[in-house]
$ cat data_37.json   # JSON, C-alpha atoms
[["chain", "number", "residue", "atom", "x", "y", "z"],
["X", 1, "MET", "CA", 0.00, 0.00, 0.00],
["X", 2, "ALA", "CA", 1.15, 3.56, -0.59],
["X", 3, "THR", "CA", -0.32, 6.80, 0.68],
["X", 4, "LYS", "CA", 1.26, 9.71, -1.19],
["X", 5, "SER", "CA", 4.01, 7.23, -2.09],
["X", 6, "ILE", "CA", 4.47, 6.16, 1.54],
["X", 7, "GLU", "CA", 5.21, 2.44, 1.76],
["X", 8, "ILE", "CA", 3.65, 0.56, 4.68],
["X", 9, "LEU", "CA", 6.19, -1.98, 6.01],
["X", 10, "TYR", "CA", 4.26, -3.41, 8.96],
["X", 11, "GLU", "CA", 0.83, -2.95, 10.48],
["X", 12, "ASP", "CA", -1.34, -4.56, 13.13],
["X", 13, "ASN", "CA", -3.83, -3.28, 15.71],
["X", 14, "HIS", "CA", -1.06, -1.76, 17.83],
["X", 15, "LEU", "CA", 1.70, -0.50, 15.53],
["X", 16, "ILE", "CA", 2.31, 0.78, 12.02],
["X", 17, "ALA", "CA", 5.73, 1.14, 10.36],
["X", 18, "VAL", "CA", 6.51, 2.92, 7.10],
["X", 19, "ASN", "CA", 9.45, 3.52, 4.79],
["X", 20, "LYS", "CA", 9.77, 7.30, 5.07],
["X", 21, "PRO", "CA", 10.96, 9.04, 1.91],
["X", 22, "SER", "CA", 13.58, 11.73, 2.32],
["X", 23, "GLY", "CA", 12.09, 15.20, 2.41],
["X", 24, "VAL", "CA", 9.00, 14.20, 4.40],
["X", 25, "LEU", "CA", 8.50, 15.53, 7.93],
["X", 26, "ILE", "CA", 7.51, 13.20, 10.76],
["X", 27, "GLN", "CA", 5.32, 15.84, 12.41],
["X", 28, "GLY", "CA", 4.24, 19.34, 11.45],
["X", 29, "ASP", "CA", 6.48, 22.38, 11.74],
["X", 30, "ARG", "CA", 6.41, 26.03, 10.71],
["X", 31, "THR", "CA", 6.81, 25.16, 7.01],
["X", 32, "GLY", "CA", 3.19, 23.99, 6.95],
["X", 33, "ASP", "CA", 4.13, 20.94, 4.84],
["X", 34, "GLU", "CA", 1.95, 17.88, 5.41],
["X", 35, "PRO", "CA", 3.74, 15.59, 7.85],
["X", 36, "LEU", "CA", 3.94, 11.82, 7.73],
["X", 37, "ALA", "CA", 1.84, 11.50, 10.89],
["X", 38, "ASP", "CA", -1.10, 13.28, 9.23],
["X", 39, "MET", "CA", -0.76, 11.20, 6.05],
["X", 40, "LEU", "CA", -0.97, 8.02, 8.12],
["X", 41, "LYS", "CA", -3.96, 9.25, 10.11],
["X", 42, "THR", "CA", -5.77, 9.86, 6.83],
["X", 43, "TYR", "CA", -4.81, 6.40, 5.58],
["X", 44, "ILE", "CA", -5.99, 4.68, 8.79],
["X", 45, "LYS", "CA", -9.24, 6.63, 8.83],
["X", 46, "LYS", "CA", -10.05, 5.57, 5.26],
["X", 47, "ALA", "CA", -8.67, 2.01, 5.37],
["X", 48, "LYS", "CA", -10.35, 1.15, 8.67],
["X", 49, "ASN", "CA", -13.45, 3.29, 8.02],
["X", 50, "LYS", "CA", -13.04, 5.10, 11.35],
["X", 51, "PRO", "CA", -15.73, 7.72, 11.97],
["X", 52, "GLY", "CA", -13.90, 9.80, 14.60],
["X", 53, "ASP", "CA", -10.39, 11.02, 15.24],
["X", 54, "VAL", "CA", -7.55, 8.58, 14.67],
["X", 55, "TYR", "CA", -4.99, 8.01, 17.41],
["X", 56, "LEU", "CA", -1.38, 7.90, 16.24],
["X", 57, "GLY", "CA", 1.54, 8.17, 18.64],
["X", 58, "ILE", "CA", 5.00, 9.24, 17.47],
["X", 59, "ILE", "CA", 7.55, 6.83, 18.97],
["X", 60, "HIS", "CA", 10.74, 8.15, 17.36],
["X", 61, "ARG", "CA", 11.83, 10.44, 14.54],
["X", 62, "LEU", "CA", 14.07, 10.67, 11.51],
["X", 63, "ASP", "CA", 15.50, 13.95, 10.24],
["X", 64, "ARG", "CA", 13.66, 15.38, 7.24],
["X", 65, "PRO", "CA", 16.40, 14.55, 4.67],
["X", 66, "VAL", "CA", 16.78, 10.97, 5.97],
["X", 67, "SER", "CA", 14.83, 7.97, 4.65],
["X", 68, "GLY", "CA", 13.89, 4.61, 6.11],
["X", 69, "VAL", "CA", 11.96, 2.79, 8.84],
["X", 70, "VAL", "CA", 9.73, 4.85, 11.12],
["X", 71, "LEU", "CA", 7.44, 3.23, 13.69],
["X", 72, "PHE", "CA", 4.21, 4.71, 15.07],
["X", 73, "ALA", "CA", 1.82, 3.52, 17.79],
["X", 74, "LYS", "CA", -1.88, 3.05, 17.09],
["X", 75, "THR", "CA", -2.79, 2.83, 20.79],
["X", 76, "SER", "CA", -1.67, 4.73, 23.88],
["X", 77, "LYS", "CA", -0.65, 1.45, 25.55],
["X", 78, "ALA", "CA", 1.68, 0.61, 22.66],
["X", 79, "LEU", "CA", 3.11, 4.14, 22.71],
["X", 80, "VAL", "CA", 3.99, 4.02, 26.42],
["X", 81, "ARG", "CA", 5.60, 0.59, 26.12],
["X", 82, "MET", "CA", 7.56, 1.43, 22.95],
["X", 83, "ASN", "CA", 8.74, 4.75, 24.40],
["X", 84, "LYS", "CA", 10.18, 2.84, 27.36],
["X", 85, "MET", "CA", 11.91, 0.35, 25.05],
["X", 86, "PHE", "CA", 13.53, 3.16, 23.07],
["X", 87, "ALA", "CA", 14.53, 5.00, 26.26],
["X", 88, "ASP", "CA", 16.02, 1.81, 27.73],
["X", 89, "ARG", "CA", 17.84, 1.08, 24.43],
["X", 90, "GLU", "CA", 16.05, -2.24, 24.02],
["X", 91, "THR", "CA", 15.65, -1.80, 20.27],
["X", 92, "LYS", "CA", 18.19, -2.59, 17.56],
["X", 93, "LYS", "CA", 18.57, 0.08, 14.87],
["X", 94, "VAL", "CA", 20.67, -0.33, 11.73],
["X", 95, "TYR", "CA", 21.44, 2.52, 9.34],
["X", 96, "TRP", "CA", 23.14, 2.68, 5.97],
["X", 97, "ALA", "CA", 25.23, 5.75, 5.21],
["X", 98, "VAL", "CA", 27.03, 6.65, 2.00],
["X", 99, "VAL", "CA", 30.11, 8.71, 2.81],
["X", 100, "THR", "CA", 32.42, 10.62, 0.51],
["X", 101, "LYS", "CA", 35.66, 9.46, 2.16],
["X", 102, "ARG", "CA", 36.49, 5.88, 3.11],
["X", 103, "PRO", "CA", 37.27, 5.46, 6.83],
["X", 104, "LYS", "CA", 40.83, 4.55, 7.78],
["X", 105, "GLU", "CA", 39.50, 1.48, 9.60],
["X", 106, "GLU", "CA", 37.12, -1.05, 8.02],
["X", 107, "LYS", "CA", 35.11, -1.11, 11.24],
["X", 108, "GLY", "CA", 35.21, 0.88, 14.41],
["X", 109, "ARG", "CA", 33.55, 2.43, 17.44],
["X", 110, "LEU", "CA", 32.98, 6.15, 17.82],
["X", 111, "ILE", "CA", 32.40, 7.89, 21.15],
["X", 112, "HIS", "CA", 31.86, 11.63, 21.30],
["X", 113, "TRP", "CA", 30.11, 14.18, 23.48],
["X", 114, "LEU", "CA", 27.51, 16.18, 21.56],
["X", 115, "ARG", "CA", 26.23, 19.67, 22.23],
["X", 116, "LYS", "CA", 23.02, 20.71, 20.48],
["X", 117, "ASN", "CA", 22.58, 24.24, 19.14],
["X", 118, "HIS", "CA", 18.81, 24.72, 19.15],
["X", 119, "ASP", "CA", 18.92, 27.99, 17.20],
["X", 120, "LYS", "CA", 20.90, 26.49, 14.30],
["X", 121, "ASN", "CA", 19.38, 22.99, 14.61],
["X", 122, "ARG", "CA", 22.74, 21.29, 14.58],
["X", 123, "SER", "CA", 25.04, 19.49, 16.99],
["X", 124, "LYS", "CA", 28.77, 19.74, 17.62],
["X", 125, "ALA", "CA", 30.93, 16.76, 18.58],
["X", 126, "PHE", "CA", 33.67, 16.91, 21.18],
["X", 127, "GLU", "CA", 36.35, 14.31, 21.86],
["X", 128, "ASN", "CA", 35.97, 14.77, 25.61],
["X", 129, "GLU", "CA", 33.09, 15.58, 27.92],
["X", 130, "ALA", "CA", 32.29, 19.29, 28.01],
["X", 131, "LYS", "CA", 29.62, 21.56, 29.44],
["X", 132, "HIS", "CA", 26.07, 20.86, 28.19],
["X", 133, "THR", "CA", 27.12, 17.77, 26.22],
["X", 134, "LYS", "CA", 25.67, 14.27, 26.05],
["X", 135, "ARG", "CA", 27.58, 11.07, 25.39],
["X", 136, "ALA", "CA", 27.06, 9.54, 21.92],
["X", 137, "GLU", "CA", 28.23, 6.11, 20.80],
["X", 138, "LEU", "CA", 27.98, 4.12, 17.59],
["X", 139, "THR", "CA", 29.78, 1.34, 15.79],
["X", 140, "TYR", "CA", 30.20, 1.00, 12.03],
["X", 141, "LYS", "CA", 31.60, -1.27, 9.36],
["X", 142, "VAL", "CA", 32.38, -0.81, 5.67],
["X", 143, "LEU", "CA", 30.00, -2.77, 3.44],
["X", 144, "ARG", "CA", 30.98, -1.77, -0.10],
["X", 145, "ALA", "CA", 32.78, 0.95, -2.05],
["X", 146, "VAL", "CA", 32.26, 2.30, -5.55],
["X", 147, "ASP", "CA", 34.21, 5.15, -7.18],
["X", 148, "ARG", "CA", 34.49, 7.93, -4.59],
["X", 149, "HIS", "CA", 31.74, 6.66, -2.30],
["X", 150, "THR", "CA", 31.69, 4.11, 0.53],
["X", 151, "LEU", "CA", 28.65, 2.42, 2.05],
["X", 152, "LEU", "CA", 28.78, 2.04, 5.82],
["X", 153, "GLU", "CA", 26.49, 0.03, 8.08],
["X", 154, "VAL", "CA", 26.00, 1.97, 11.29],
["X", 155, "TYR", "CA", 24.71, 0.76, 14.66],
["X", 156, "PRO", "CA", 23.87, 3.65, 17.00],
["X", 157, "LYS", "CA", 24.07, 2.77, 20.69],
["X", 158, "THR", "CA", 22.56, 6.09, 21.79],
["X", 159, "GLY", "CA", 19.95, 8.31, 20.20],
["X", 160, "ARG", "CA", 21.30, 11.86, 20.16],
["X", 161, "HIS", "CA", 20.36, 14.77, 17.91],
["X", 162, "HIS", "CA", 21.92, 14.29, 14.45],
["X", 163, "GLN", "CA", 24.19, 11.71, 16.05],
["X", 164, "ILE", "CA", 25.22, 9.64, 13.03],
["X", 165, "ARG", "CA", 25.61, 12.71, 10.85],
["X", 166, "VAL", "CA", 27.86, 14.62, 13.25],
["X", 167, "GLN", "CA", 29.90, 11.62, 14.44],
["X", 168, "LEU", "CA", 30.75, 10.43, 10.94],
["X", 169, "SER", "CA", 31.62, 14.02, 10.00],
["X", 170, "LYS", "CA", 33.88, 14.31, 13.04],
["X", 171, "MET", "CA", 35.66, 11.15, 11.81],
["X", 172, "GLY", "CA", 36.24, 12.93, 8.48],
["X", 173, "CYS", "CA", 33.61, 10.94, 6.60],
["X", 174, "SER", "CA", 30.73, 13.29, 5.84],
["X", 175, "ILE", "CA", 27.52, 11.77, 4.49],
["X", 176, "LYS", "CA", 26.88, 12.47, 0.81],
["X", 177, "GLY", "CA", 24.67, 15.53, 0.41],
["X", 178, "ASP", "CA", 24.89, 16.60, 4.06],
["X", 179, "LEU", "CA", 26.01, 20.21, 3.68],
["X", 180, "LYS", "CA", 25.27, 20.91, 7.35],
["X", 181, "TYR", "CA", 28.00, 18.47, 8.36],
["X", 182, "GLY", "CA", 30.74, 19.00, 5.84],
["X", 183, "ALA", "CA", 29.65, 17.49, 2.53],
["X", 184, "SER", "CA", 31.15, 19.28, -0.46],
["X", 185, "GLY", "CA", 27.91, 19.35, -2.44],
["X", 186, "ASN", "CA", 24.20, 18.84, -2.01],
["X", 187, "ASN", "CA", 21.89, 16.24, -3.52],
["X", 188, "PRO", "CA", 19.47, 17.61, -6.15],
["X", 189, "ASP", "CA", 16.43, 16.57, -4.10],
["X", 190, "ALA", "CA", 17.85, 17.97, -0.81],
["X", 191, "SER", "CA", 18.15, 14.44, 0.63],
["X", 192, "ILE", "CA", 21.22, 13.08, 2.35],
["X", 193, "HIS", "CA", 22.48, 9.53, 1.85],
["X", 194, "LEU", "CA", 21.46, 8.25, 5.28],
["X", 195, "HIS", "CA", 18.84, 5.50, 5.47],
["X", 196, "ALA", "CA", 17.27, 3.77, 8.47],
["X", 197, "ARG", "CA", 17.70, 0.26, 7.12],
["X", 198, "SER", "CA", 16.10, -1.85, 9.86],
["X", 199, "LEU", "CA", 14.47, -1.77, 13.26],
["X", 200, "GLU", "CA", 14.18, -4.76, 15.60],
["X", 201, "PHE", "CA", 12.21, -4.83, 18.86],
["X", 202, "MET", "CA", 9.98, -6.90, 21.11],
["X", 203, "HIS", "CA", 6.32, -6.35, 20.22],
["X", 204, "PRO", "CA", 4.75, -4.41, 23.14],
["X", 205, "VAL", "CA", 1.63, -6.61, 23.25],
["X", 206, "LYS", "CA", 2.36, -9.87, 21.40],
["X", 207, "LYS", "CA", 5.78, -10.23, 23.09],
["X", 208, "GLU", "CA", 7.45, -11.58, 19.95],
["X", 209, "THR", "CA", 10.50, -10.24, 18.14],
["X", 210, "ILE", "CA", 9.67, -8.01, 15.19],
["X", 211, "LYS", "CA", 12.28, -7.02, 12.60],
["X", 212, "ILE", "CA", 11.33, -4.48, 9.95],
["X", 213, "ASP", "CA", 13.53, -3.77, 6.92],
["X", 214, "ALA", "CA", 13.21, -0.83, 4.53],
["X", 215, "ASN", "CA", 14.53, -0.83, 0.98],
["X", 216, "VAL", "CA", 16.78, 2.06, -0.01],
["X", 217, "PRO", "CA", 15.42, 4.90, -2.19],
["X", 218, "MET", "CA", 15.09, 4.48, -5.96],
["X", 219, "GLU", "CA", 18.10, 6.69, -6.59],
["X", 220, "ASN", "CA", 21.00, 5.59, -8.79],
["X", 221, "LEU", "CA", 23.78, 5.43, -6.20],
["X", 222, "TRP", "CA", 21.57, 3.79, -3.59],
["X", 223, "GLN", "CA", 20.41, 1.24, -6.13],
["X", 224, "GLU", "CA", 23.97, 0.52, -7.24],
["X", 225, "PHE", "CA", 24.94, -0.30, -3.67],
["X", 226, "ALA", "CA", 21.74, -2.34, -3.15],
["X", 227, "MET", "CA", 22.58, -4.48, -6.17],
["X", 228, "MET", "CA", 26.10, -5.08, -4.82],
["X", 229, "ILE", "CA", 24.72, -6.25, -1.45],
["X", 230, "LYS", "CA", 22.34, -8.82, -2.97]]
$ encode --input "data_37.json" --output "structure tokens"
Amino acid sequence: MATKSIEILYEDNHLIAVNKPSGVLIQGDRTGDEPLADMLKTYIKKAKNKPGDVYLGIIHRLDRPVSGVVLFAKTSKALVRMNKMFADRETKKVYWAVVTKRPKEEKGRLIHWLRKNHDKNRSKAFENEAKHTKRAELTYKVLRAVDRHTLLEVYPKTGRHHQIRVQLSKMGCSIKGDLKYGASGNNPDASIHLHARSLEFMHPVKKETIKIDANVPMENLWQEFAMMIK
């Protein structure tokens, strides 16, 4: 199913997961652009023939230029339980990032302390703990390389603001198209080459392990890497 080209990856009475395209907001902001949450409410209302308001809880977010798996709650019970799982780091998140410089190491662990600038909507990474910073940790490994680009698989251990973007940039490996964090050029559609590839968690009601995968965007470089992985 697609609603305004939004691909539904998983749905039951408690949860709904979609493959968010880059450029789509999770929830409304001052731009006035229709957010993903509203699109899904409209879909649920029509698909389930609901007469009243539709409940949809936002569990987590992806930055606007990022694509991939996003999970929403269809009940307040599911929202509370999933929020706790995310807060307690009981979910497994995997991202794919295309960077413009190959890392020195084929795999590694990055630990930084991040300070968020609310006015500029960006974060700064420090090597050591500093005032108003939060610890950020991820691990990565090189999956493939083609021409000047390298595909990394990234496993964030924490969930800080712009964490993957700023930590990879601090390592000297900016994400393709991410002008905010050091990329030399932008992507024509204002996306960045960061994709939430999979999300794994314990279902809040059924108590079974759920793993949701999202295919990469239908863009040439993404598709070239996808073909190499198969």
$ closest_residue --input "data_37.json" --among "X:Asp119, X:Glu137, X:Asp63, X:Glu90" --to "X:His195" --atoms "only C-alpha atoms"
X:Asp63
$ closest_residue --input "data_37.json" --among "X:Asp38, X:Glu208, X:Glu11, X:Glu153" --to "X:Ala196" --atoms "all atoms listed in the file"
X:Glu153
$ residues_around --input "data_37.json" --residues "X:Ala97" --least-positions-apart "6" --cutoff "8 Å" --atoms "all atoms listed in the file" --output "list in words"
Leu151, Leu152, Glu153, Val154, Ile175, His193, Leu194 and His195 of chain X
$ residues_around --input "data_37.json" --residues "X:Ser67" --least-positions-apart "4" --cutoff "8 Å" --atoms "all atoms listed in the file" --output "list in words"
Asn19, Lys20, Pro21, Ser22, Leu62, Leu194, His195, Ala196, Val216 and Pro217 of chain X
$ closest_residue --input "data_37.json" --among "X:Phe86, X:Trp96, X:Phe72, X:Phe126" --to "X:Ile229" --atoms "all atoms listed in the file"
X:Trp96
$ closest_residue --input "data_37.json" --among "X:Lys46, X:His60, X:Arg144, X:Lys104" --to "X:Cys173" --atoms "all atoms listed in the file"
X:Lys104
$ residues_around --input "data_37.json" --residues "X:Ile164" --least-positions-apart "5" --cutoff "10 Å" --atoms "only C-alpha atoms" --output "list in words"
Tyr95, Ala97, Leu110, Ala136, Glu137, Leu138, Thr139, Val154, Tyr155, Pro156, Thr158, Gly159, Ser169, Lys170, Ser174, Ile175 and Leu194 of chain X
$ residues_around --input "data_37.json" --residues "X:Val24" --least-positions-apart "6" --cutoff "7 Å" --atoms "all atoms listed in the file" --output "ChimeraX atom specification"
/X:35-36,64
$ atom_distance --input "data_37.json" --atom1 "atom CA of X:Leu199" --atom2 "atom CA of X:Met227"
21.2 Å
$ residues_around --input "data_37.json" --residues "X:Tyr181" --least-positions-apart "4" --cutoff "12 Å" --atoms "all atoms listed in the file" --output "list in words"
Val99, Thr100, Asn121, Arg122, Ser123, Lys124, Ala125, His162, Gln163, Ile164, Arg165, Val166, Gln167, Leu168, Ser169, Lys170, Met171, Gly172, Cys173, Ser174, Ile175, Lys176, Gly177, Gly185, Asn186 and Ile192 of chain X
$ closest_residue --input "data_37.json" --among "X:Tyr43, X:Asn13, X:Asp178, X:Leu25" --to "X:Lys74" --atoms "all atoms listed in the file"
X:Asn13
$ atom_distance --input "data_37.json" --atom1 "atom CA of X:Ala17" --atom2 "atom CA of X:Met228"
26.2 Å
$ decode --input "data_37.json" --residues "stretch 98-161 of chain X" --atoms "C-alpha atoms" --output "short mmCIF file (atom, residue, chain, number, x, y, z; two decimals), in the first residue's frame"
data_model
loop_
_atom_site.label_atom_id
_atom_site.label_comp_id
_atom_site.auth_asym_id
_atom_site.auth_seq_id
_atom_site.Cartn_x
_atom_site.Cartn_y
_atom_site.Cartn_z
CA VAL X 98 27.03 6.65 2.00
CA VAL X 99 30.11 8.71 2.81
CA THR X 100 32.42 10.62 0.51
CA LYS X 101 35.66 9.46 2.16
CA ARG X 102 36.49 5.88 3.11
CA PRO X 103 37.27 5.46 6.83
CA LYS X 104 40.83 4.55 7.78
CA GLU X 105 39.50 1.48 9.60
CA GLU X 106 37.12 -1.05 8.02
CA LYS X 107 35.11 -1.11 11.24
CA GLY X 108 35.21 0.88 14.41
CA ARG X 109 33.55 2.43 17.44
CA LEU X 110 32.98 6.15 17.82
CA ILE X 111 32.40 7.89 21.15
CA HIS X 112 31.86 11.63 21.30
CA TRP X 113 30.11 14.18 23.48
CA LEU X 114 27.51 16.18 21.56
CA ARG X 115 26.23 19.67 22.23
CA LYS X 116 23.02 20.71 20.48
CA ASN X 117 22.58 24.24 19.14
CA HIS X 118 18.81 24.72 19.15
CA ASP X 119 18.92 27.99 17.20
CA LYS X 120 20.90 26.49 14.30
CA ASN X 121 19.38 22.99 14.61
CA ARG X 122 22.74 21.29 14.58
CA SER X 123 25.04 19.49 16.99
CA LYS X 124 28.77 19.74 17.62
CA ALA X 125 30.93 16.76 18.58
CA PHE X 126 33.67 16.91 21.18
CA GLU X 127 36.35 14.31 21.86
CA ASN X 128 35.97 14.77 25.61
CA GLU X 129 33.09 15.58 27.92
CA ALA X 130 32.29 19.29 28.01
CA LYS X 131 29.62 21.56 29.44
CA HIS X 132 26.07 20.86 28.19
CA THR X 133 27.12 17.77 26.22
CA LYS X 134 25.67 14.27 26.05
CA ARG X 135 27.58 11.07 25.39
CA ALA X 136 27.06 9.54 21.92
CA GLU X 137 28.23 6.11 20.80
CA LEU X 138 27.98 4.12 17.59
CA THR X 139 29.78 1.34 15.79
CA TYR X 140 30.20 1.00 12.03
CA LYS X 141 31.60 -1.27 9.36
CA VAL X 142 32.38 -0.81 5.67
CA LEU X 143 30.00 -2.77 3.44
CA ARG X 144 30.98 -1.77 -0.10
CA ALA X 145 32.78 0.95 -2.05
CA VAL X 146 32.26 2.30 -5.55
CA ASP X 147 34.21 5.15 -7.18
CA ARG X 148 34.49 7.93 -4.59
CA HIS X 149 31.74 6.66 -2.30
CA THR X 150 31.69 4.11 0.53
CA LEU X 151 28.65 2.42 2.05
CA LEU X 152 28.78 2.04 5.82
CA GLU X 153 26.49 0.03 8.08
CA VAL X 154 26.00 1.97 11.29
CA TYR X 155 24.71 0.76 14.66
CA PRO X 156 23.87 3.65 17.00
CA LYS X 157 24.07 2.77 20.69
CA THR X 158 22.56 6.09 21.79
CA GLY X 159 19.95 8.31 20.20
CA ARG X 160 21.30 11.86 20.16
CA HIS X 161 20.36 14.77 17.91
#
